[in-house]
Amino acid sequence: MPPDLPPSAGPPAQPSDPAVHSLRGRCAIVTGASRGIGRAIALAYTRAGAQVVINHAPDQAVPQDLLDLIAAEGGQAVAVQADVGRSADQERLLAAALTHFGRIDILVNNAAIKGKASFLEVTEATWDEVMRTNLQGPYFLAQRVAREMLRAGTRGRIINLSSLHESKPLRGSSVYSISKSGLAMLTMTLALELARQGITVNSILPGSYLTQMNLLALNDPARKADADNWVPVGRMGLPEDLVATAVFLAGPNSDYITGSCIRVDGGLSLV
Ligand SMILES: NC(=O)c1ccc[n+]([C@@H]2O[C@H](COP(=O)([O-])OP(=O)(O)OC[C@H]3O[C@@H](n4cnc5c(N)ncnc54)[C@H](O)[C@@H]3O)[C@@H](O)[C@H]2O)c1
């Protein structure tokens, strides 16, 4: 080890209890949380006791039904419209966490776009938009959040939603796959750089999930049946399949896990 590393942050003040995955007293930002996987994670976090900044994209309405549900269950959340790829919007997300809840403990970089196009048709505009949303946004939002965590002495959690296509190419989605490859390196590098300060950085790799990102399967039962068949467990994933992992990685019992990617894919990576 080089001699100029800071001393270890040491074990958590509270020894972990394997039976408890509580996020009480913690504040999370979940990006792209108005629908799909992000929405399920945001709801699960409030149910685990966290206060949540629910980010919705500029083209998405305020997820009022989600806010109402969380409030009815006694949870705490605030919705913030922001484009994760823009610095000023990233600043507003962090400011919302600090203004409303006074702290930031957890960042979930979930927002992403597919930018589907065959390699020969990809334009520079598509490249820029996908990279800005899927890679540059997570990078600089993580930087902002990590700086605040370090300032406050928080044992923080950064969780990136990557994809099996970070390492397995997908026809017609070259830019998306390349952005997720970058996200994989982002996870590992940040984990390394922030390990001594007690901030963990991990990624979750969904397989094939029934969300807007898989519109064809959502709209066409035959396509869905086909997609179900591809998955070793015999069905596409639902956002709820992933939330226990997201809660665990955000919680107090994952202190010794960093730089890991956890596949929640029904075995899809095996075929
Ligand atoms: N669905 C799958 O099969 C699958 C597979 C592998 C990985 N993933 C990953 O899981 C994550 C969630 O995807 P999903 O399946 O819920 O898809 P989704 O399209 O339903 O959700 C993506 C969310 O990101 C938001 N978003 C897009 N651009 C944004 C921006 N610039 N600023 C803020 N928000 C923005 C969208 O509005 C949407 O709410 C993504 O990172 C995706 O790459 C999904």
# chains A, B, ... in the order shown; residues from 1 in each chain; ligands from 1

$ closest_atom_pairs --of "chain A" --to "ligand 1" --cutoff "7 Å" --atoms "only C-alpha atoms and all ligand atoms" --output "CSV"
residue,atom,partner,partner_atom_place_in_ligand_line,distance
A:Thr31,CA,ligand 1,34 (N),5.8
A:Gly32,CA,ligand 1,24 (O),3.7
A:Ala33,CA,ligand 1,39 (O),5.2
A:Ser34,CA,ligand 1,39 (O),4.9
A:Arg35,CA,ligand 1,39 (O),4.8
A:Gly36,CA,ligand 1,16 (O),3.6
A:Ile37,CA,ligand 1,16 (O),3.8
A:Gly38,CA,ligand 1,16 (O),5.7
A:Asn55,CA,ligand 1,33 (C),6.5
A:His56,CA,ligand 1,34 (N),5.3
A:Ala57,CA,ligand 1,33 (C),3.7
A:Pro58,CA,ligand 1,32 (N),6.8
A:Asp59,CA,ligand 1,37 (O),7.0
A:Gln60,CA,ligand 1,37 (O),6.0
A:Ala82,CA,ligand 1,33 (C),5.7
A:Asp83,CA,ligand 1,32 (N),3.5
A:Val84,CA,ligand 1,32 (N),4.1
A:Gly85,CA,ligand 1,31 (N),5.4
A:Asn110,CA,ligand 1,41 (O),4.4
A:Ala111,CA,ligand 1,24 (O),3.4
A:Ala112,CA,ligand 1,41 (O),4.4
A:Ile113,CA,ligand 1,27 (C),5.2
A:Lys114,CA,ligand 1,43 (O),6.9
A:Thr133,CA,ligand 1,31 (N),4.9
A:Leu161,CA,ligand 1,41 (O),4.7
A:Ser162,CA,ligand 1,7 (C),5.4
A:Ser163,CA,ligand 1,7 (C),4.1
A:Leu164,CA,ligand 1,6 (C),6.3
A:Leu205,CA,ligand 1,7 (C),6.0
A:Pro206,CA,ligand 1,6 (C),4.5
A:Gly207,CA,ligand 1,5 (C),4.9
A:Ser208,CA,ligand 1,3 (O),3.6
A:Tyr209,CA,ligand 1,3 (O),3.6
A:Leu210,CA,ligand 1,1 (N),5.9
A:Thr211,CA,ligand 1,15 (O),4.8
A:Gln212,CA,ligand 1,20 (O),4.3
A:Met213,CA,ligand 1,19 (O),4.3
A:Asn214,CA,ligand 1,1 (N),5.8

$ write_last_selection --atoms "N, CA and C atoms" --output "CSV table (one decimal), in the first residue's frame"
chain,number,residue,atom,x,y,z
A,31,THR,N,-32.1,8.4,-8.1
A,31,THR,CA,-32.3,9.1,-9.4
A,31,THR,C,-33.2,8.3,-10.3
A,32,GLY,N,-33.9,9.0,-11.1
A,32,GLY,CA,-34.9,8.3,-12.1
A,32,GLY,C,-35.9,7.5,-11.4
A,33,ALA,N,-36.5,8.1,-10.3
A,33,ALA,CA,-37.3,7.2,-9.4
A,33,ALA,C,-38.8,7.4,-9.6
A,34,SER,N,-39.2,8.0,-10.7
A,34,SER,CA,-40.6,8.1,-10.9
A,34,SER,C,-41.3,6.9,-11.4
A,35,ARG,N,-40.5,5.9,-11.9
A,35,ARG,CA,-41.1,4.7,-12.4
A,35,ARG,C,-40.0,3.5,-12.3
A,36,GLY,N,-40.5,2.3,-12.6
A,36,GLY,CA,-39.6,1.2,-12.7
A,36,GLY,C,-38.8,0.9,-11.5
A,37,ILE,N,-37.5,0.5,-11.7
A,37,ILE,CA,-36.7,0.0,-10.6
A,37,ILE,C,-36.4,1.1,-9.6
A,38,GLY,N,-36.2,2.3,-10.1
A,38,GLY,CA,-35.9,3.4,-9.2
A,38,GLY,C,-37.1,3.7,-8.2
A,55,ASN,N,-35.9,11.6,-7.4
A,55,ASN,CA,-35.6,12.4,-8.6
A,55,ASN,C,-36.5,11.9,-9.7
A,56,HIS,N,-37.1,12.9,-10.4
A,56,HIS,CA,-37.8,12.5,-11.6
A,56,HIS,C,-37.2,13.4,-12.8
A,57,ALA,N,-37.1,12.8,-13.9
A,57,ALA,CA,-36.5,13.5,-15.1
A,57,ALA,C,-37.4,14.7,-15.5
A,58,PRO,N,-36.8,15.6,-16.2
A,58,PRO,CA,-37.5,16.8,-16.7
A,58,PRO,C,-38.8,16.4,-17.5
A,59,ASP,N,-38.8,15.3,-18.2
A,59,ASP,CA,-40.0,15.0,-19.0
A,59,ASP,C,-41.0,14.1,-18.3
A,60,GLN,N,-40.7,13.9,-17.0
A,60,GLN,CA,-41.6,13.1,-16.2
A,60,GLN,C,-42.4,14.0,-15.2
A,82,ALA,N,-35.1,16.9,-11.9
A,82,ALA,CA,-33.7,17.2,-12.3
A,82,ALA,C,-33.2,16.3,-13.4
A,83,ASP,N,-32.4,16.8,-14.2
A,83,ASP,CA,-31.7,16.0,-15.2
A,83,ASP,C,-30.3,15.6,-14.6
A,84,VAL,N,-30.1,14.3,-14.4
A,84,VAL,CA,-28.9,13.9,-13.7
A,84,VAL,C,-27.7,14.3,-14.5
A,85,GLY,N,-27.8,14.5,-15.7
A,85,GLY,CA,-26.6,14.8,-16.5
A,85,GLY,C,-26.2,16.3,-16.5
A,110,ASN,N,-29.6,5.5,-10.5
A,110,ASN,CA,-30.4,4.6,-11.2
A,110,ASN,C,-30.8,5.0,-12.6
A,111,ALA,N,-31.0,6.4,-12.7
A,111,ALA,CA,-31.5,6.9,-14.0
A,111,ALA,C,-30.6,6.5,-15.2
A,112,ALA,N,-31.2,6.1,-16.3
A,112,ALA,CA,-30.4,5.8,-17.5
A,112,ALA,C,-31.4,5.8,-18.7
A,113,ILE,N,-30.7,5.9,-19.8
A,113,ILE,CA,-31.5,5.7,-21.1
A,113,ILE,C,-30.8,4.7,-22.0
A,114,LYS,N,-31.6,4.1,-22.9
A,114,LYS,CA,-31.0,3.0,-23.7
A,114,LYS,C,-30.3,3.6,-25.0
A,133,THR,N,-26.1,11.0,-19.5
A,133,THR,CA,-27.1,10.5,-18.5
A,133,THR,C,-26.6,9.3,-17.8
A,161,LEU,N,-26.8,1.4,-10.6
A,161,LEU,CA,-27.5,0.4,-11.3
A,161,LEU,C,-26.8,0.2,-12.7
A,162,SER,N,-26.1,-0.9,-12.8
A,162,SER,CA,-25.4,-1.1,-14.0
A,162,SER,C,-26.2,-2.1,-14.9
A,163,SER,N,-25.6,-3.0,-15.6
A,163,SER,CA,-26.3,-3.9,-16.5
A,163,SER,C,-25.4,-5.1,-16.8
A,164,LEU,N,-26.0,-6.3,-17.1
A,164,LEU,CA,-25.1,-7.4,-17.5
A,164,LEU,C,-24.3,-7.0,-18.8
A,205,LEU,N,-26.6,-5.4,-10.8
A,205,LEU,CA,-26.8,-5.7,-12.2
A,205,LEU,C,-28.1,-6.4,-12.4
A,206,PRO,N,-29.2,-5.7,-12.9
A,206,PRO,CA,-30.4,-6.4,-13.2
A,206,PRO,C,-30.2,-7.2,-14.4
A,207,GLY,N,-31.1,-8.2,-14.6
A,207,GLY,CA,-31.0,-8.9,-15.9
A,207,GLY,C,-32.0,-8.3,-16.9
A,208,SER,N,-33.1,-9.0,-17.1
A,208,SER,CA,-34.1,-8.6,-18.0
A,208,SER,C,-35.4,-8.3,-17.2
A,209,TYR,N,-35.7,-7.0,-17.0
A,209,TYR,CA,-36.8,-6.6,-16.2
A,209,TYR,C,-37.9,-6.0,-17.0
A,210,LEU,N,-39.1,-6.3,-16.4
A,210,LEU,CA,-40.4,-5.8,-17.1
A,210,LEU,C,-40.6,-4.4,-16.7
A,211,THR,N,-39.9,-3.4,-17.4
A,211,THR,CA,-40.1,-2.0,-17.2
A,211,THR,C,-40.2,-1.3,-18.5
A,212,GLN,N,-40.3,0.0,-18.5
A,212,GLN,CA,-40.4,0.8,-19.7
A,212,GLN,C,-39.1,0.6,-20.6
A,213,MET,N,-38.0,0.2,-19.9
A,213,MET,CA,-36.8,0.0,-20.7
A,213,MET,C,-36.9,-1.2,-21.6
A,214,ASN,N,-37.9,-2.1,-21.3
A,214,ASN,CA,-38.1,-3.2,-22.2
A,214,ASN,C,-39.5,-3.1,-22.7

$ select_by_dssp --residues "stretch 51-168 of chain A" --states "strand (DSSP E)" --output "list in words"
Gln51, Val52, Val53, Ile54, Asn55, His56, Gln76, Ala77, Val78, Ala79, Val80, Gln81, Ile106, Leu107, Val108, Asn109, Arg157, Ile158, Ile159, Asn160 and Leu161 of chain A

$ write_last_selection --atoms "N, CA, C and O atoms" --output "PDB file, in the first residue's frame"
ATOM      1  N   GLN A  51     -35.333   8.653   4.704  1.00  0.00           N
ATOM      2  CA  GLN A  51     -35.935   9.823   4.073  1.00  0.00           C
ATOM      3  C   GLN A  51     -35.366   9.863   2.658  1.00  0.00           C
ATOM      4  O   GLN A  51     -34.156   9.699   2.486  1.00  0.00           O
ATOM      5  N   VAL A  52     -36.236  10.080   1.680  1.00  0.00           N
ATOM      6  CA  VAL A  52     -35.782   9.881   0.303  1.00  0.00           C
ATOM      7  C   VAL A  52     -36.056  11.093  -0.583  1.00  0.00           C
ATOM      8  O   VAL A  52     -37.159  11.643  -0.581  1.00  0.00           O
ATOM      9  N   VAL A  53     -35.035  11.490  -1.320  1.00  0.00           N
ATOM     10  CA  VAL A  53     -35.200  12.467  -2.400  1.00  0.00           C
ATOM     11  C   VAL A  53     -35.470  11.667  -3.671  1.00  0.00           C
ATOM     12  O   VAL A  53     -34.614  10.913  -4.133  1.00  0.00           O
ATOM     13  N   ILE A  54     -36.690  11.823  -4.164  1.00  0.00           N
ATOM     14  CA  ILE A  54     -37.122  11.084  -5.348  1.00  0.00           C
ATOM     15  C   ILE A  54     -36.883  11.964  -6.567  1.00  0.00           C
ATOM     16  O   ILE A  54     -37.583  12.959  -6.764  1.00  0.00           O
ATOM     17  N   ASN A  55     -35.908  11.609  -7.354  1.00  0.00           N
ATOM     18  CA  ASN A  55     -35.614  12.411  -8.555  1.00  0.00           C
ATOM     19  C   ASN A  55     -36.479  11.930  -9.723  1.00  0.00           C
ATOM     20  O   ASN A  55     -36.588  10.732  -9.957  1.00  0.00           O
ATOM     21  N   HIS A  56     -37.105  12.899 -10.386  1.00  0.00           N
ATOM     22  CA  HIS A  56     -37.781  12.547 -11.641  1.00  0.00           C
ATOM     23  C   HIS A  56     -37.220  13.410 -12.760  1.00  0.00           C
ATOM     24  O   HIS A  56     -36.843  14.570 -12.564  1.00  0.00           O
ATOM     25  N   GLN A  76     -41.208   9.471   4.642  1.00  0.00           N
ATOM     26  CA  GLN A  76     -40.847  10.851   4.302  1.00  0.00           C
ATOM     27  C   GLN A  76     -40.092  10.874   2.976  1.00  0.00           C
ATOM     28  O   GLN A  76     -39.092  10.162   2.818  1.00  0.00           O
ATOM     29  N   ALA A  77     -40.602  11.703   2.063  1.00  0.00           N
ATOM     30  CA  ALA A  77     -39.934  11.820   0.763  1.00  0.00           C
ATOM     31  C   ALA A  77     -40.258  13.169   0.157  1.00  0.00           C
ATOM     32  O   ALA A  77     -41.266  13.787   0.487  1.00  0.00           O
ATOM     33  N   VAL A  78     -39.383  13.604  -0.730  1.00  0.00           N
ATOM     34  CA  VAL A  78     -39.628  14.824  -1.477  1.00  0.00           C
ATOM     35  C   VAL A  78     -39.243  14.541  -2.925  1.00  0.00           C
ATOM     36  O   VAL A  78     -38.295  13.791  -3.182  1.00  0.00           O
ATOM     37  N   ALA A  79     -40.030  15.083  -3.852  1.00  0.00           N
ATOM     38  CA  ALA A  79     -39.726  14.855  -5.269  1.00  0.00           C
ATOM     39  C   ALA A  79     -38.982  16.051  -5.838  1.00  0.00           C
ATOM     40  O   ALA A  79     -39.334  17.198  -5.557  1.00  0.00           O
ATOM     41  N   VAL A  80     -37.947  15.784  -6.613  1.00  0.00           N
ATOM     42  CA  VAL A  80     -37.163  16.862  -7.221  1.00  0.00           C
ATOM     43  C   VAL A  80     -36.972  16.545  -8.703  1.00  0.00           C
ATOM     44  O   VAL A  80     -36.402  15.511  -9.061  1.00  0.00           O
ATOM     45  N   GLN A  81     -37.467  17.473  -9.528  1.00  0.00           N
ATOM     46  CA  GLN A  81     -37.268  17.315 -10.960  1.00  0.00           C
ATOM     47  C   GLN A  81     -35.831  17.726 -11.298  1.00  0.00           C
ATOM     48  O   GLN A  81     -35.410  18.829 -10.937  1.00  0.00           O
ATOM     49  N   ILE A 106     -26.966   8.075   1.356  1.00  0.00           N
ATOM     50  CA  ILE A 106     -27.065   7.039   0.315  1.00  0.00           C
ATOM     51  C   ILE A 106     -27.355   7.713  -1.029  1.00  0.00           C
ATOM     52  O   ILE A 106     -28.248   8.571  -1.117  1.00  0.00           O
ATOM     53  N   LEU A 107     -26.605   7.326  -2.038  1.00  0.00           N
ATOM     54  CA  LEU A 107     -26.921   7.769  -3.402  1.00  0.00           C
ATOM     55  C   LEU A 107     -27.160   6.527  -4.255  1.00  0.00           C
ATOM     56  O   LEU A 107     -26.305   5.638  -4.297  1.00  0.00           O
ATOM     57  N   VAL A 108     -28.301   6.491  -4.919  1.00  0.00           N
ATOM     58  CA  VAL A 108     -28.552   5.420  -5.889  1.00  0.00           C
ATOM     59  C   VAL A 108     -28.591   6.035  -7.285  1.00  0.00           C
ATOM     60  O   VAL A 108     -29.515   6.770  -7.627  1.00  0.00           O
ATOM     61  N   ASN A 109     -27.550   5.754  -8.056  1.00  0.00           N
ATOM     62  CA  ASN A 109     -27.491   6.200  -9.450  1.00  0.00           C
ATOM     63  C   ASN A 109     -28.268   5.195 -10.285  1.00  0.00           C
ATOM     64  O   ASN A 109     -27.725   4.176 -10.731  1.00  0.00           O
ATOM     65  N   ARG A 157     -23.038   5.381   1.385  1.00  0.00           N
ATOM     66  CA  ARG A 157     -23.254   4.286   0.439  1.00  0.00           C
ATOM     67  C   ARG A 157     -23.540   4.862  -0.934  1.00  0.00           C
ATOM     68  O   ARG A 157     -24.434   5.707  -1.084  1.00  0.00           O
ATOM     69  N   ILE A 158     -22.822   4.396  -1.936  1.00  0.00           N
ATOM     70  CA  ILE A 158     -23.134   4.767  -3.313  1.00  0.00           C
ATOM     71  C   ILE A 158     -23.433   3.469  -4.063  1.00  0.00           C
ATOM     72  O   ILE A 158     -22.649   2.512  -4.004  1.00  0.00           O
ATOM     73  N   ILE A 159     -24.598   3.445  -4.700  1.00  0.00           N
ATOM     74  CA  ILE A 159     -25.041   2.228  -5.388  1.00  0.00           C
ATOM     75  C   ILE A 159     -25.364   2.591  -6.838  1.00  0.00           C
ATOM     76  O   ILE A 159     -26.158   3.506  -7.092  1.00  0.00           O
ATOM     77  N   ASN A 160     -24.727   1.916  -7.757  1.00  0.00           N
ATOM     78  CA  ASN A 160     -24.945   2.185  -9.175  1.00  0.00           C
ATOM     79  C   ASN A 160     -25.741   1.056  -9.813  1.00  0.00           C
ATOM     80  O   ASN A 160     -25.427  -0.124  -9.602  1.00  0.00           O
ATOM     81  N   LEU A 161     -26.773   1.431 -10.574  1.00  0.00           N
ATOM     82  CA  LEU A 161     -27.516   0.417 -11.332  1.00  0.00           C
ATOM     83  C   LEU A 161     -26.814   0.232 -12.666  1.00  0.00           C
ATOM     84  O   LEU A 161     -26.865   1.106 -13.528  1.00  0.00           O
TER      85      LEU A 161
END

$ residues_around --residues "A:Ser177" --least-positions-apart "4" --cutoff "9 Å" --atoms "only C-alpha atoms" --output "MDAnalysis selection string"
chainID A and resid 114 163:170 173 181:182

$ atom_distance --atom1 "atom CA of A:Arg155" --atom2 "atom CA of A:Ala9"
8.6 Å

$ atom_distance --atom1 "atom CA of A:Thr99" --atom2 "atom CA of A:Ala244"
28.0 Å

$ select_by_dssp --residues "stretch 10-222 of chain A" --states "helix (DSSP H, G or I)" --output "JSON, numbers by chain"
{"A": [36, 37, 38, 39, 40, 41, 42, 43, 44, 45, 46, 47, 64, 65, 66, 67, 68, 69, 70, 71, 72, 87, 88, 89, 90, 91, 92, 93, 94, 95, 96, 97, 98, 99, 100, 101, 119, 120, 121, 124, 125, 126, 127, 128, 129, 130, 131, 132, 133, 134, 135, 136, 137, 138, 139, 140, 141, 142, 143, 144, 145, 146, 147, 148, 149, 150, 151, 152, 164, 165, 166, 174, 175, 176, 177, 178, 179, 180, 181, 182, 183, 184, 185, 186, 187, 188, 189, 190, 191, 192, 193, 194, 195, 196, 197, 212, 213, 214, 215, 216, 217, 218, 219, 221, 222]}

$ residues_around --residues "A:Pro7" --least-positions-apart "6" --cutoff "12 Å" --atoms "only C-alpha atoms" --output "compact mmCIF listing (two decimals) with N, CA and C atoms, in the first residue's frame"
# COMPACT_ATOMS: atom_id res chain seq x y z
N MET A 1 0.84 -1.21 0.00
CA MET A 1 0.00 0.00 0.00
C MET A 1 0.87 1.26 0.00
N LEU A 194 -12.44 5.65 -2.01
CA LEU A 194 -13.21 6.10 -0.84
C LEU A 194 -13.23 5.08 0.30
N ALA A 195 -12.55 3.95 0.09
CA ALA A 195 -12.64 2.86 1.07
C ALA A 195 -12.18 3.29 2.46
N ARG A 196 -11.07 4.02 2.53
CA ARG A 196 -10.53 4.39 3.85
C ARG A 196 -11.42 5.36 4.60
N GLN A 197 -12.27 6.05 3.85
CA GLN A 197 -13.15 7.03 4.50
C GLN A 197 -14.50 6.43 4.90
N GLY A 198 -14.65 5.13 4.70
CA GLY A 198 -15.88 4.48 5.16
C GLY A 198 -17.06 4.63 4.21

$ closest_residue --among "A:Ala95, A:Ala50, A:Val175, A:Leu268" --to "A:Lys116" --atoms "only C-alpha atoms"
A:Val175

$ residues_around --residues "A:Val247" --least-positions-apart "2" --cutoff "8 Å" --atoms "only C-alpha atoms" --output "PyMOL selection string"
chain A and resi 21+23+41+44-45+48+243-245+249-251
